[in-house]
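See below for target.pdb, which holds PDB, C-alpha atoms.
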MODEL        1
ATOM      1  CA  MET A1018      35.186  21.597 -38.061  1.00  0.00           C
ATOM      2  CA  LYS A1019      37.533  23.179 -35.523  1.00  0.00           C
ATOM      3  CA  THR A1020      37.891  26.871 -34.743  1.00  0.00           C
ATOM      4  CA  VAL A1021      40.983  28.836 -33.728  1.00  0.00           C
ATOM      5  CA  LEU A1022      41.148  32.375 -32.381  1.00  0.00           C
ATOM      6  CA  ILE A1023      44.460  34.094 -33.101  1.00  0.00           C
ATOM      7  CA  THR A1024      45.500  37.478 -31.694  1.00  0.00           C
ATOM      8  CA  GLY A1025      47.707  39.991 -33.472  1.00  0.00           C
ATOM      9  CA  THR A1026      46.942  38.923 -37.039  1.00  0.00           C
ATOM     10  CA  SER A1027      47.413  42.243 -38.823  1.00  0.00           C
ATOM     11  CA  SER A1028      50.887  41.264 -40.023  1.00  0.00           C
ATOM     12  CA  GLY A1029      53.858  38.956 -39.578  1.00  0.00           C
ATOM     13  CA  TYR A1030      53.575  35.690 -37.697  1.00  0.00           C
ATOM     14  CA  GLY A1031      49.957  36.196 -36.710  1.00  0.00           C
ATOM     15  CA  ARG A1032      48.762  36.864 -40.240  1.00  0.00           C
ATOM     16  CA  GLU A1033      50.670  33.881 -41.645  1.00  0.00           C
ATOM     17  CA  THR A1034      49.357  31.625 -38.882  1.00  0.00           C
ATOM     18  CA  ALA A1035      45.774  32.651 -39.603  1.00  0.00           C
ATOM     19  CA  LEU A1036      46.208  31.926 -43.298  1.00  0.00           C
ATOM     20  CA  HIS A1037      47.840  28.569 -42.550  1.00  0.00           C
ATOM     21  CA  PHE A1038      45.029  27.345 -40.308  1.00  0.00           C
ATOM     22  CA  HIS A1039      42.473  28.465 -42.878  1.00  0.00           C
ATOM     23  CA  SER A1040      44.299  26.591 -45.629  1.00  0.00           C
ATOM     24  CA  GLN A1041      44.137  23.466 -43.470  1.00  0.00           C
ATOM     25  CA  GLY A1042      40.353  23.631 -43.196  1.00  0.00           C
ATOM     26  CA  TRP A1043      39.899  25.304 -39.823  1.00  0.00           C
ATOM     27  CA  ASN A1044      37.493  28.112 -39.001  1.00  0.00           C
ATOM     28  CA  VAL A1045      39.650  31.139 -38.184  1.00  0.00           C
ATOM     29  CA  ILE A1046      38.861  34.094 -35.942  1.00  0.00           C
ATOM     30  CA  ALA A1047      41.607  36.569 -36.839  1.00  0.00           C
ATOM     31  CA  THR A1048      41.794  39.391 -34.325  1.00  0.00           C
ATOM     32  CA  MET A1049      43.553  42.747 -34.395  1.00  0.00           C
ATOM     33  CA  ARG A1050      43.100  46.197 -32.913  1.00  0.00           C
ATOM     34  CA  THR A1051      41.953  47.746 -36.189  1.00  0.00           C
ATOM     35  CA  PRO A1052      40.198  45.157 -38.394  1.00  0.00           C
ATOM     36  CA  ARG A1053      41.215  45.002 -42.054  1.00  0.00           C
ATOM     37  CA  PRO A1054      39.040  42.269 -43.621  1.00  0.00           C
ATOM     38  CA  GLY A1055      40.273  43.107 -47.115  1.00  0.00           C
ATOM     39  CA  ASP A1056      43.721  41.754 -46.251  1.00  0.00           C
ATOM     40  CA  PHE A1057      42.374  38.203 -45.997  1.00  0.00           C
ATOM     41  CA  PRO A1058      40.531  35.780 -48.291  1.00  0.00           C
ATOM     42  CA  GLU A1059      36.764  36.022 -48.450  1.00  0.00           C
ATOM     43  CA  SER A1060      35.467  32.861 -46.822  1.00  0.00           C
ATOM     44  CA  ASP A1061      32.686  31.729 -44.521  1.00  0.00           C
ATOM     45  CA  ARG A1062      35.457  30.085 -42.471  1.00  0.00           C
ATOM     46  CA  PHE A1063      37.377  33.309 -41.898  1.00  0.00           C
ATOM     47  CA  ARG A1064      36.264  36.185 -39.670  1.00  0.00           C
ATOM     48  CA  VAL A1065      38.191  39.318 -38.747  1.00  0.00           C
ATOM     49  CA  VAL A1066      37.309  40.625 -35.294  1.00  0.00           C
ATOM     50  CA  ALA A1067      38.403  43.748 -33.409  1.00  0.00           C
ATOM     51  CA  LEU A1068      40.379  43.020 -30.244  1.00  0.00           C
ATOM     52  CA  ASP A1069      42.632  44.963 -27.915  1.00  0.00           C
ATOM     53  CA  VAL A1070      44.093  42.460 -25.441  1.00  0.00           C
ATOM     54  CA  THR A1071      44.760  45.231 -22.916  1.00  0.00           C
ATOM     55  CA  LYS A1072      41.048  46.070 -22.565  1.00  0.00           C
ATOM     56  CA  PRO A1073      38.776  43.654 -20.649  1.00  0.00           C
ATOM     57  CA  GLU A1074      35.639  44.818 -22.448  1.00  0.00           C
ATOM     58  CA  SER A1075      37.291  44.185 -25.821  1.00  0.00           C
ATOM     59  CA  ILE A1076      38.274  40.664 -24.765  1.00  0.00           C
ATOM     60  CA  THR A1077      34.722  39.897 -23.626  1.00  0.00           C
ATOM     61  CA  ALA A1078      33.236  41.196 -26.867  1.00  0.00           C
ATOM     62  CA  ALA A1079      35.693  39.222 -29.016  1.00  0.00           C
ATOM     63  CA  PHE A1080      34.891  35.923 -27.298  1.00  0.00           C
ATOM     64  CA  GLU A1081      31.162  36.595 -27.537  1.00  0.00           C
ATOM     65  CA  THR A1082      31.568  37.198 -31.269  1.00  0.00           C
ATOM     66  CA  ALA A1083      33.770  34.149 -31.766  1.00  0.00           C
ATOM     67  CA  GLY A1084      31.555  31.636 -29.970  1.00  0.00           C
ATOM     68  CA  PRO A1085      33.045  28.264 -28.972  1.00  0.00           C
ATOM     69  CA  ILE A1086      36.644  27.738 -30.050  1.00  0.00           C
ATOM     70  CA  ASP A1087      39.046  24.800 -29.947  1.00  0.00           C
ATOM     71  CA  ALA A1088      42.358  26.649 -29.823  1.00  0.00           C
ATOM     72  CA  LEU A1089      43.582  30.046 -28.652  1.00  0.00           C
ATOM     73  CA  VAL A1090      46.830  31.375 -30.120  1.00  0.00           C
ATOM     74  CA  ASN A1091      48.136  34.331 -28.124  1.00  0.00           C
ATOM     75  CA  ASN A1092      50.360  35.961 -30.723  1.00  0.00           C
ATOM     76  CA  ALA A1093      49.736  39.692 -30.164  1.00  0.00           C
ATOM     77  CA  GLY A1094      52.782  41.420 -28.778  1.00  0.00           C
ATOM     78  CA  ILE A1095      54.826  44.596 -28.658  1.00  0.00           C
ATOM     79  CA  PRO A1096      58.520  44.294 -29.575  1.00  0.00           C
ATOM     80  CA  SER A1097      61.067  46.328 -27.681  1.00  0.00           C
ATOM     81  CA  MET A1098      64.761  46.951 -28.257  1.00  0.00           C
ATOM     82  CA  GLY A1099      67.090  49.352 -26.542  1.00  0.00           C
ATOM     83  CA  VAL A1100      69.326  49.861 -23.549  1.00  0.00           C
ATOM     84  CA  PHE A1101      67.328  49.405 -20.367  1.00  0.00           C
ATOM     85  CA  GLU A1102      68.801  52.508 -18.736  1.00  0.00           C
ATOM     86  CA  GLY A1103      67.373  54.569 -21.586  1.00  0.00           C
ATOM     87  CA  THR A1104      63.958  52.909 -21.676  1.00  0.00           C
ATOM     88  CA  PRO A1105      61.149  54.964 -20.071  1.00  0.00           C
ATOM     89  CA  MET A1106      59.154  53.053 -17.476  1.00  0.00           C
ATOM     90  CA  ALA A1107      55.999  54.008 -19.363  1.00  0.00           C
ATOM     91  CA  ARG A1108      57.317  51.941 -22.278  1.00  0.00           C
ATOM     92  CA  VAL A1109      58.145  49.040 -19.947  1.00  0.00           C
ATOM     93  CA  ARG A1110      54.574  49.023 -18.644  1.00  0.00           C
ATOM     94  CA  GLU A1111      53.184  49.238 -22.193  1.00  0.00           C
ATOM     95  CA  VAL A1112      55.182  46.166 -23.240  1.00  0.00           C
ATOM     96  CA  PHE A1113      54.072  44.151 -20.224  1.00  0.00           C
ATOM     97  CA  GLU A1114      50.429  45.177 -20.636  1.00  0.00           C
ATOM     98  CA  THR A1115      50.304  43.470 -24.033  1.00  0.00           C
ATOM     99  CA  ASN A1116      52.989  40.786 -23.920  1.00  0.00           C
ATOM    100  CA  THR A1117      52.294  39.509 -20.415  1.00  0.00           C
ATOM    101  CA  PHE A1118      49.042  40.726 -18.906  1.00  0.00           C
ATOM    102  CA  GLY A1119      47.214  40.621 -22.248  1.00  0.00           C
ATOM    103  CA  VAL A1120      48.177  36.982 -22.735  1.00  0.00           C
ATOM    104  CA  MET A1121      47.083  36.136 -19.203  1.00  0.00           C
ATOM    105  CA  ALA A1122      43.769  37.947 -19.620  1.00  0.00           C
ATOM    106  CA  MET A1123      42.978  36.180 -22.893  1.00  0.00           C
ATOM    107  CA  THR A1124      43.883  32.826 -21.376  1.00  0.00           C
ATOM    108  CA  GLN A1125      41.786  33.363 -18.286  1.00  0.00           C
ATOM    109  CA  ALA A1126      38.821  34.334 -20.453  1.00  0.00           C
ATOM    110  CA  VAL A1127      38.929  31.128 -22.537  1.00  0.00           C
ATOM    111  CA  LEU A1128      39.630  28.592 -19.794  1.00  0.00           C
ATOM    112  CA  PRO A1129      36.064  28.103 -18.521  1.00  0.00           C
ATOM    113  CA  GLN A1130      34.819  26.845 -21.884  1.00  0.00           C
ATOM    114  CA  PHE A1131      37.867  24.594 -22.361  1.00  0.00           C
ATOM    115  CA  ARG A1132      37.645  23.158 -18.848  1.00  0.00           C
ATOM    116  CA  GLU A1133      33.901  22.520 -19.017  1.00  0.00           C
ATOM    117  CA  ARG A1134      34.237  20.843 -22.409  1.00  0.00           C
ATOM    118  CA  GLY A1135      37.286  18.814 -21.368  1.00  0.00           C
ATOM    119  CA  SER A1136      39.365  19.837 -24.391  1.00  0.00           C
ATOM    120  CA  GLY A1137      41.184  22.775 -25.924  1.00  0.00           C
ATOM    121  CA  VAL A1138      44.674  24.168 -26.294  1.00  0.00           C
ATOM    122  CA  VAL A1139      46.318  27.508 -25.523  1.00  0.00           C
ATOM    123  CA  VAL A1140      49.444  28.344 -27.526  1.00  0.00           C
ATOM    124  CA  ASN A1141      51.419  31.338 -26.281  1.00  0.00           C
ATOM    125  CA  VAL A1142      53.860  32.814 -28.791  1.00  0.00           C
ATOM    126  CA  THR A1143      56.959  34.049 -26.968  1.00  0.00           C
ATOM    127  CA  SER A1144      60.369  34.539 -28.613  1.00  0.00           C
ATOM    128  CA  SER A1145      63.784  32.986 -29.085  1.00  0.00           C
ATOM    129  CA  VAL A1146      65.132  35.702 -26.782  1.00  0.00           C
ATOM    130  CA  VAL A1147      64.148  33.334 -23.956  1.00  0.00           C
ATOM    131  CA  LEU A1148      66.608  30.750 -25.296  1.00  0.00           C
ATOM    132  CA  GLY A1149      69.853  32.704 -25.251  1.00  0.00           C
ATOM    133  CA  HIS A1150      71.678  35.765 -23.978  1.00  0.00           C
ATOM    134  CA  MET A1151      70.740  38.681 -26.212  1.00  0.00           C
ATOM    135  CA  PRO A1152      71.585  42.330 -25.509  1.00  0.00           C
ATOM    136  CA  LEU A1153      69.178  45.241 -25.948  1.00  0.00           C
ATOM    137  CA  THR A1154      66.143  43.079 -25.130  1.00  0.00           C
ATOM    138  CA  ALA A1155      65.928  43.314 -21.342  1.00  0.00           C
ATOM    139  CA  VAL A1156      62.312  44.518 -21.253  1.00  0.00           C
ATOM    140  CA  TYR A1157      61.086  42.357 -24.124  1.00  0.00           C
ATOM    141  CA  LYS A1158      62.817  39.248 -22.786  1.00  0.00           C
ATOM    142  CA  ALA A1159      61.424  39.823 -19.299  1.00  0.00           C
ATOM    143  CA  SER A1160      57.875  40.060 -20.673  1.00  0.00           C
ATOM    144  CA  LYS A1161      58.312  36.852 -22.672  1.00  0.00           C
ATOM    145  CA  MET A1162      60.118  34.932 -19.908  1.00  0.00           C
ATOM    146  CA  ALA A1163      57.143  35.691 -17.680  1.00  0.00           C
ATOM    147  CA  ILE A1164      54.866  33.934 -20.189  1.00  0.00           C
ATOM    148  CA  GLU A1165      57.224  30.958 -20.388  1.00  0.00           C
ATOM    149  CA  GLY A1166      56.940  30.506 -16.628  1.00  0.00           C
ATOM    150  CA  PHE A1167      53.225  31.183 -16.664  1.00  0.00           C
ATOM    151  CA  THR A1168      52.603  28.562 -19.343  1.00  0.00           C
ATOM    152  CA  SER A1169      54.716  25.869 -17.725  1.00  0.00           C
ATOM    153  CA  SER A1170      52.690  26.093 -14.521  1.00  0.00           C
ATOM    154  CA  LEU A1171      49.391  26.567 -16.355  1.00  0.00           C
ATOM    155  CA  ALA A1172      49.938  23.344 -18.303  1.00  0.00           C
ATOM    156  CA  LEU A1173      50.077  21.384 -15.037  1.00  0.00           C
ATOM    157  CA  GLU A1174      46.863  22.980 -13.754  1.00  0.00           C
ATOM    158  CA  LEU A1175      44.963  22.232 -16.965  1.00  0.00           C
ATOM    159  CA  ALA A1176      46.144  18.675 -17.622  1.00  0.00           C
ATOM    160  CA  PRO A1177      43.554  17.021 -15.330  1.00  0.00           C
ATOM    161  CA  PHE A1178      40.811  18.609 -17.467  1.00  0.00           C
ATOM    162  CA  GLY A1179      42.197  17.478 -20.820  1.00  0.00           C
ATOM    163  CA  VAL A1180      43.276  21.013 -21.706  1.00  0.00           C
ATOM    164  CA  ARG A1181      46.781  21.740 -23.009  1.00  0.00           C
ATOM    165  CA  ALA A1182      49.088  24.777 -22.881  1.00  0.00           C
ATOM    166  CA  LYS A1183      52.192  25.304 -25.062  1.00  0.00           C
ATOM    167  CA  THR A1184      54.701  27.977 -26.002  1.00  0.00           C
ATOM    168  CA  VAL A1185      56.112  28.663 -29.463  1.00  0.00           C
ATOM    169  CA  GLU A1186      59.448  30.489 -29.523  1.00  0.00           C
ATOM    170  CA  PRO A1187      60.040  32.208 -32.892  1.00  0.00           C
ATOM    171  CA  GLY A1188      63.487  33.210 -34.012  1.00  0.00           C
ATOM    172  CA  ALA A1189      64.350  36.537 -35.610  1.00  0.00           C
ATOM    173  CA  CYS A1190      62.457  37.339 -38.796  1.00  0.00           C
ATOM    174  CA  LEU A1191      64.091  39.998 -40.951  1.00  0.00           C
ATOM    175  CA  THR A1192      61.028  40.463 -43.184  1.00  0.00           C
ATOM    176  CA  THR A1193      58.648  41.763 -40.516  1.00  0.00           C
ATOM    177  CA  ASN A1194      58.374  45.286 -39.081  1.00  0.00           C
ATOM    178  CA  PHE A1195      59.807  44.165 -35.727  1.00  0.00           C
ATOM    179  CA  GLY A1196      62.689  46.639 -35.807  1.00  0.00           C
ATOM    180  CA  ALA A1197      60.576  49.729 -36.415  1.00  0.00           C
ATOM    181  CA  ARG A1198      58.004  48.723 -33.812  1.00  0.00           C
ATOM    182  CA  ALA A1199      60.703  47.710 -31.309  1.00  0.00           C
ATOM    183  CA  THR A1200      61.831  51.314 -30.897  1.00  0.00           C
ATOM    184  CA  ASN A1201      58.262  52.637 -30.809  1.00  0.00           C
ATOM    185  CA  GLY A1202      58.998  54.810 -33.833  1.00  0.00           C
ATOM    186  CA  ALA A1203      61.963  56.555 -32.237  1.00  0.00           C
ATOM    187  CA  PRO A1204      65.476  56.411 -33.725  1.00  0.00           C
ATOM    188  CA  MET A1205      67.610  53.891 -31.855  1.00  0.00           C
ATOM    189  CA  ASP A1206      70.169  56.553 -30.889  1.00  0.00           C
ATOM    190  CA  GLU A1207      67.483  58.411 -28.919  1.00  0.00           C
ATOM    191  CA  LEU A1208      67.032  55.323 -26.716  1.00  0.00           C
ATOM    192  CA  VAL A1209      70.730  54.732 -26.125  1.00  0.00           C
ATOM    193  CA  PRO A1210      72.686  56.748 -23.558  1.00  0.00           C
ATOM    194  CA  GLU A1211      76.013  57.879 -25.024  1.00  0.00           C
ATOM    195  CA  ALA A1212      77.972  55.576 -22.733  1.00  0.00           C
ATOM    196  CA  TYR A1213      76.329  52.579 -24.420  1.00  0.00           C
ATOM    197  CA  ALA A1214      76.760  53.744 -28.024  1.00  0.00           C
ATOM    198  CA  ALA A1215      79.687  51.511 -28.993  1.00  0.00           C
ATOM    199  CA  PHE A1216      78.177  48.471 -27.303  1.00  0.00           C
ATOM    200  CA  THR A1217      74.847  49.042 -29.035  1.00  0.00           C
ATOM    201  CA  LYS A1218      76.413  49.454 -32.470  1.00  0.00           C
ATOM    202  CA  LYS A1219      78.314  46.180 -32.158  1.00  0.00           C
ATOM    203  CA  ALA A1220      75.219  44.348 -30.904  1.00  0.00           C
ATOM    204  CA  MET A1221      73.087  45.621 -33.797  1.00  0.00           C
ATOM    205  CA  ASP A1222      75.794  44.841 -36.360  1.00  0.00           C
ATOM    206  CA  ASP A1223      76.081  41.284 -35.017  1.00  0.00           C
ATOM    207  CA  PHE A1224      72.306  40.888 -35.184  1.00  0.00           C
ATOM    208  CA  MET A1225      72.096  42.001 -38.807  1.00  0.00           C
ATOM    209  CA  ARG A1226      74.964  39.691 -39.814  1.00  0.00           C
ATOM    210  CA  GLN A1227      73.356  36.502 -38.545  1.00  0.00           C
ATOM    211  CA  ASP A1228      73.524  33.633 -41.019  1.00  0.00           C
ATOM    212  CA  VAL A1229      70.073  32.151 -40.473  1.00  0.00           C
ATOM    213  CA  SER A1230      66.711  33.631 -39.628  1.00  0.00           C
ATOM    214  CA  THR A1231      63.079  32.659 -39.257  1.00  0.00           C
ATOM    215  CA  LYS A1232      60.357  32.911 -41.883  1.00  0.00           C
ATOM    216  CA  GLU A1233      56.743  33.667 -41.072  1.00  0.00           C
ATOM    217  CA  SER A1234      55.834  30.217 -42.412  1.00  0.00           C
ATOM    218  CA  ASP A1235      58.215  28.584 -39.897  1.00  0.00           C
ATOM    219  CA  VAL A1236      56.173  30.048 -37.076  1.00  0.00           C
ATOM    220  CA  ALA A1237      52.783  29.211 -38.606  1.00  0.00           C
ATOM    221  CA  GLU A1238      53.792  25.592 -39.120  1.00  0.00           C
ATOM    222  CA  THR A1239      55.196  25.336 -35.592  1.00  0.00           C
ATOM    223  CA  VAL A1240      52.017  26.761 -34.055  1.00  0.00           C
ATOM    224  CA  TRP A1241      50.110  24.158 -36.070  1.00  0.00           C
ATOM    225  CA  ARG A1242      52.300  21.383 -34.625  1.00  0.00           C
ATOM    226  CA  ALA A1243      51.901  22.723 -31.107  1.00  0.00           C
ATOM    227  CA  VAL A1244      48.109  22.795 -31.388  1.00  0.00           C
ATOM    228  CA  TYR A1245      48.045  19.130 -32.420  1.00  0.00           C
ATOM    229  CA  ASP A1246      50.781  17.901 -30.066  1.00  0.00           C
ATOM    230  CA  THR A1247      49.654  15.412 -27.419  1.00  0.00           C
ATOM    231  CA  THR A1248      53.100  14.178 -26.328  1.00  0.00           C
ATOM    232  CA  GLY A1249      53.370  16.569 -23.401  1.00  0.00           C
ATOM    233  CA  GLN A1250      56.008  18.742 -25.105  1.00  0.00           C
ATOM    234  CA  LEU A1251      55.752  22.240 -23.648  1.00  0.00           C
ATOM    235  CA  ARG A1252      58.093  24.411 -25.728  1.00  0.00           C
ATOM    236  CA  PHE A1253      58.412  24.614 -29.518  1.00  0.00           C
ATOM    237  CA  PRO A1254      61.296  26.643 -31.016  1.00  0.00           C
ATOM    238  CA  ALA A1255      60.307  28.004 -34.434  1.00  0.00           C
ATOM    239  CA  GLY A1256      62.814  28.713 -37.190  1.00  0.00           C
ATOM    240  CA  PRO A1257      66.386  27.474 -37.689  1.00  0.00           C
ATOM    241  CA  ASP A1258      67.978  30.152 -35.513  1.00  0.00           C
ATOM    242  CA  ALA A1259      65.604  29.416 -32.634  1.00  0.00           C
ATOM    243  CA  VAL A1260      66.202  25.674 -32.983  1.00  0.00           C
ATOM    244  CA  ALA A1261      69.978  26.242 -32.911  1.00  0.00           C
ATOM    245  CA  LEU A1262      69.687  28.332 -29.748  1.00  0.00           C
ATOM    246  CA  ASP A1263      67.530  25.697 -28.112  1.00  0.00           C
ATOM    247  CA  GLN A1264      69.983  22.907 -28.964  1.00  0.00           C
ATOM    248  CA  ALA A1265      72.893  24.944 -27.617  1.00  0.00           C
ATOM    249  CA  LYS A1266      71.309  25.313 -24.185  1.00  0.00           C
TER
ENDMDL
END

Represent the structure contained in this file as C-alpha cells.
Amino acid sequence: MKTVLITGTSSGYGRETALHFHSQGWNVIATMRTPRPGDFPESDRFRVVALDVTKPESITAAFETAGPIDALVNNAGIPSMGVFEGTPMARVREVFETNTFGVMAMTQAVLPQFRERGSGVVVNVTSSVVLGHMPLTAVYKASKMAIEGFTSSLALELAPFGVRAKTVEPGACLTTNFGARATNGAPMDELVPEAYAAFTKKAMDDFMRQDVSTKESDVAETVWRAVYDTTGQLRFPAGPDAVALDQAK
C-alpha cells in the first residue's frame, strides 16, 4: 500500500486531496501547522501530523514521523493579492518563505529516500497565475513561477534515478478562504495606494465576474493524475479556468 505526504491540508485543495487519496486506498500523512485530527475520518490509513514548512526542525520531525513515503505533494502556500507598491517587503519575504523556500526544503528532505529507492514522485502545487497575465498578484505569481522553474529543472536531475517531479496549476476557487488570506487579514484598500484605486476595483470586479472557476475536487483529481503519470508530462492545469488559460498560451 502506497503512502503520500501532503502539506497544507487544513482546508481547501490540500484537505480535498488528502481525502481523495485516502478514498483511493492510499495511506495519507496529512500535515498542517496546527493539527486538527477531528476534521478527518478515523482510519489507520490516515495520520495528521504537525508541520511548518518554514522550520527545518519541523520538516525533519514530520518525515521521521511519516516514515517511508511514495509521493510528496507540496500544497502548503500563502496567497497574496494587492498592488506591489503597497506590499510591505516583510510580506513578500513571508510569501516566499512558504511558497518557494518551503517547497524547496520539503523536496530536498525527501529526495534521498526517493533516489536510493529508485522511485517516488514530487508534485508541487503552484497556481494558474503562472499561465496568464493577472494583476494584483505580482508577489504571489513570482513565488509560484519560481517553483515552476525549479520543478522543470529538478525533473531532469531526478529522471536518471526513476524519480519524477510535476507541477499542478489550480485555477481560481471561489469556495476557499483564498481572498481573506491573500490580504493577510487587512482590508484591500489598506494595501492599495490611492493612485491605483480605480485599477484595483476594475481588476477585482473582473475577477469576481469570471464565468468558470475551479472546485477543490478538480485539484485533488489532477494531483492524483500527476502522481500516476509516467508520460513525461511536467505541468498539469487543474480546473476549467486553468485549462482554458493553458490552451490560450

Which value, in Å to one decimal, gives the distance between CA of Val1138 (chain A) and CA of Gly1249 (chain A)? 11.9 Å

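Minimum atom-to-atom distances from A:Val1236, A:Met1106, A:Arg1134, A:Met1018 to Val1090 (chain A) were compared using all atoms listed in the file, and the lowest value belongs to A:Val1236.
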
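Note that CA of Asn1092 (chain A) and CA of Glu1165 (chain A) are 13.4 Å apart.
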
So that I can see what lies close to His1150 (chain A), please list as a PyMOL selection string the residues with an atom at most 12 Å from it, counting all atoms listed in the file and leaving out residues fewer than 2 positions away in the same chain. chain A and resi 1145-1148+1152-1155+1158-1159+1220+1262-1263+1265-1266

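The space separating CA of Leu1171 (chain A) from CA of Thr1124 (chain A) comes to 9.7 Å.
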
Mind listing as a VMD selection string all residues within 9 Å of (55.6, 29.1, -31.1), counting all atoms listed in the file? chain A and resid 1092 1140 to 1144 1183 to 1187 1236 to 1241 1243 1252 to 1255

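Take the candidates A:Ser1160, A:Thr1071, A:Gln1041, A:Thr1034 and check each one against Ser1097 (chain A) using all atoms listed in the file; the shortest distance goes to A:Ser1160.
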
Report as number ranges by chain the full result of the PyMOL selection byres ((chain A and resi 1101-1104) around 7) when it is applied to this structure. A: 1099-1100, 1105-1106, 1108, 1155, 1208-1210

Which residues match the PyMOL selection byres ((chain A and resi 1086) around 8) in the file above, as a VMD selection string? chain A and resid 1019 to 1022 1083 to 1085 1087 to 1089 1137

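Closest to Leu1191 (chain A) among A:Ile1023, A:Met1098, A:Met1225, A:Val1066 is A:Met1225, based on all atoms listed in the file.
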
Between A:Leu1175, A:Gly1149, A:Ala1035, A:Tyr1213, which is the closest to Ala1261 (chain A) once you count all atoms listed in the file? A:Gly1149

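Of the residues under consideration (A:Met1151, A:Ala1122, A:Leu1173, A:Ala1093), A:Ala1093 shows the shortest atom-to-atom contact distance to Ser1028 (chain A) when counting all atoms listed in the file.
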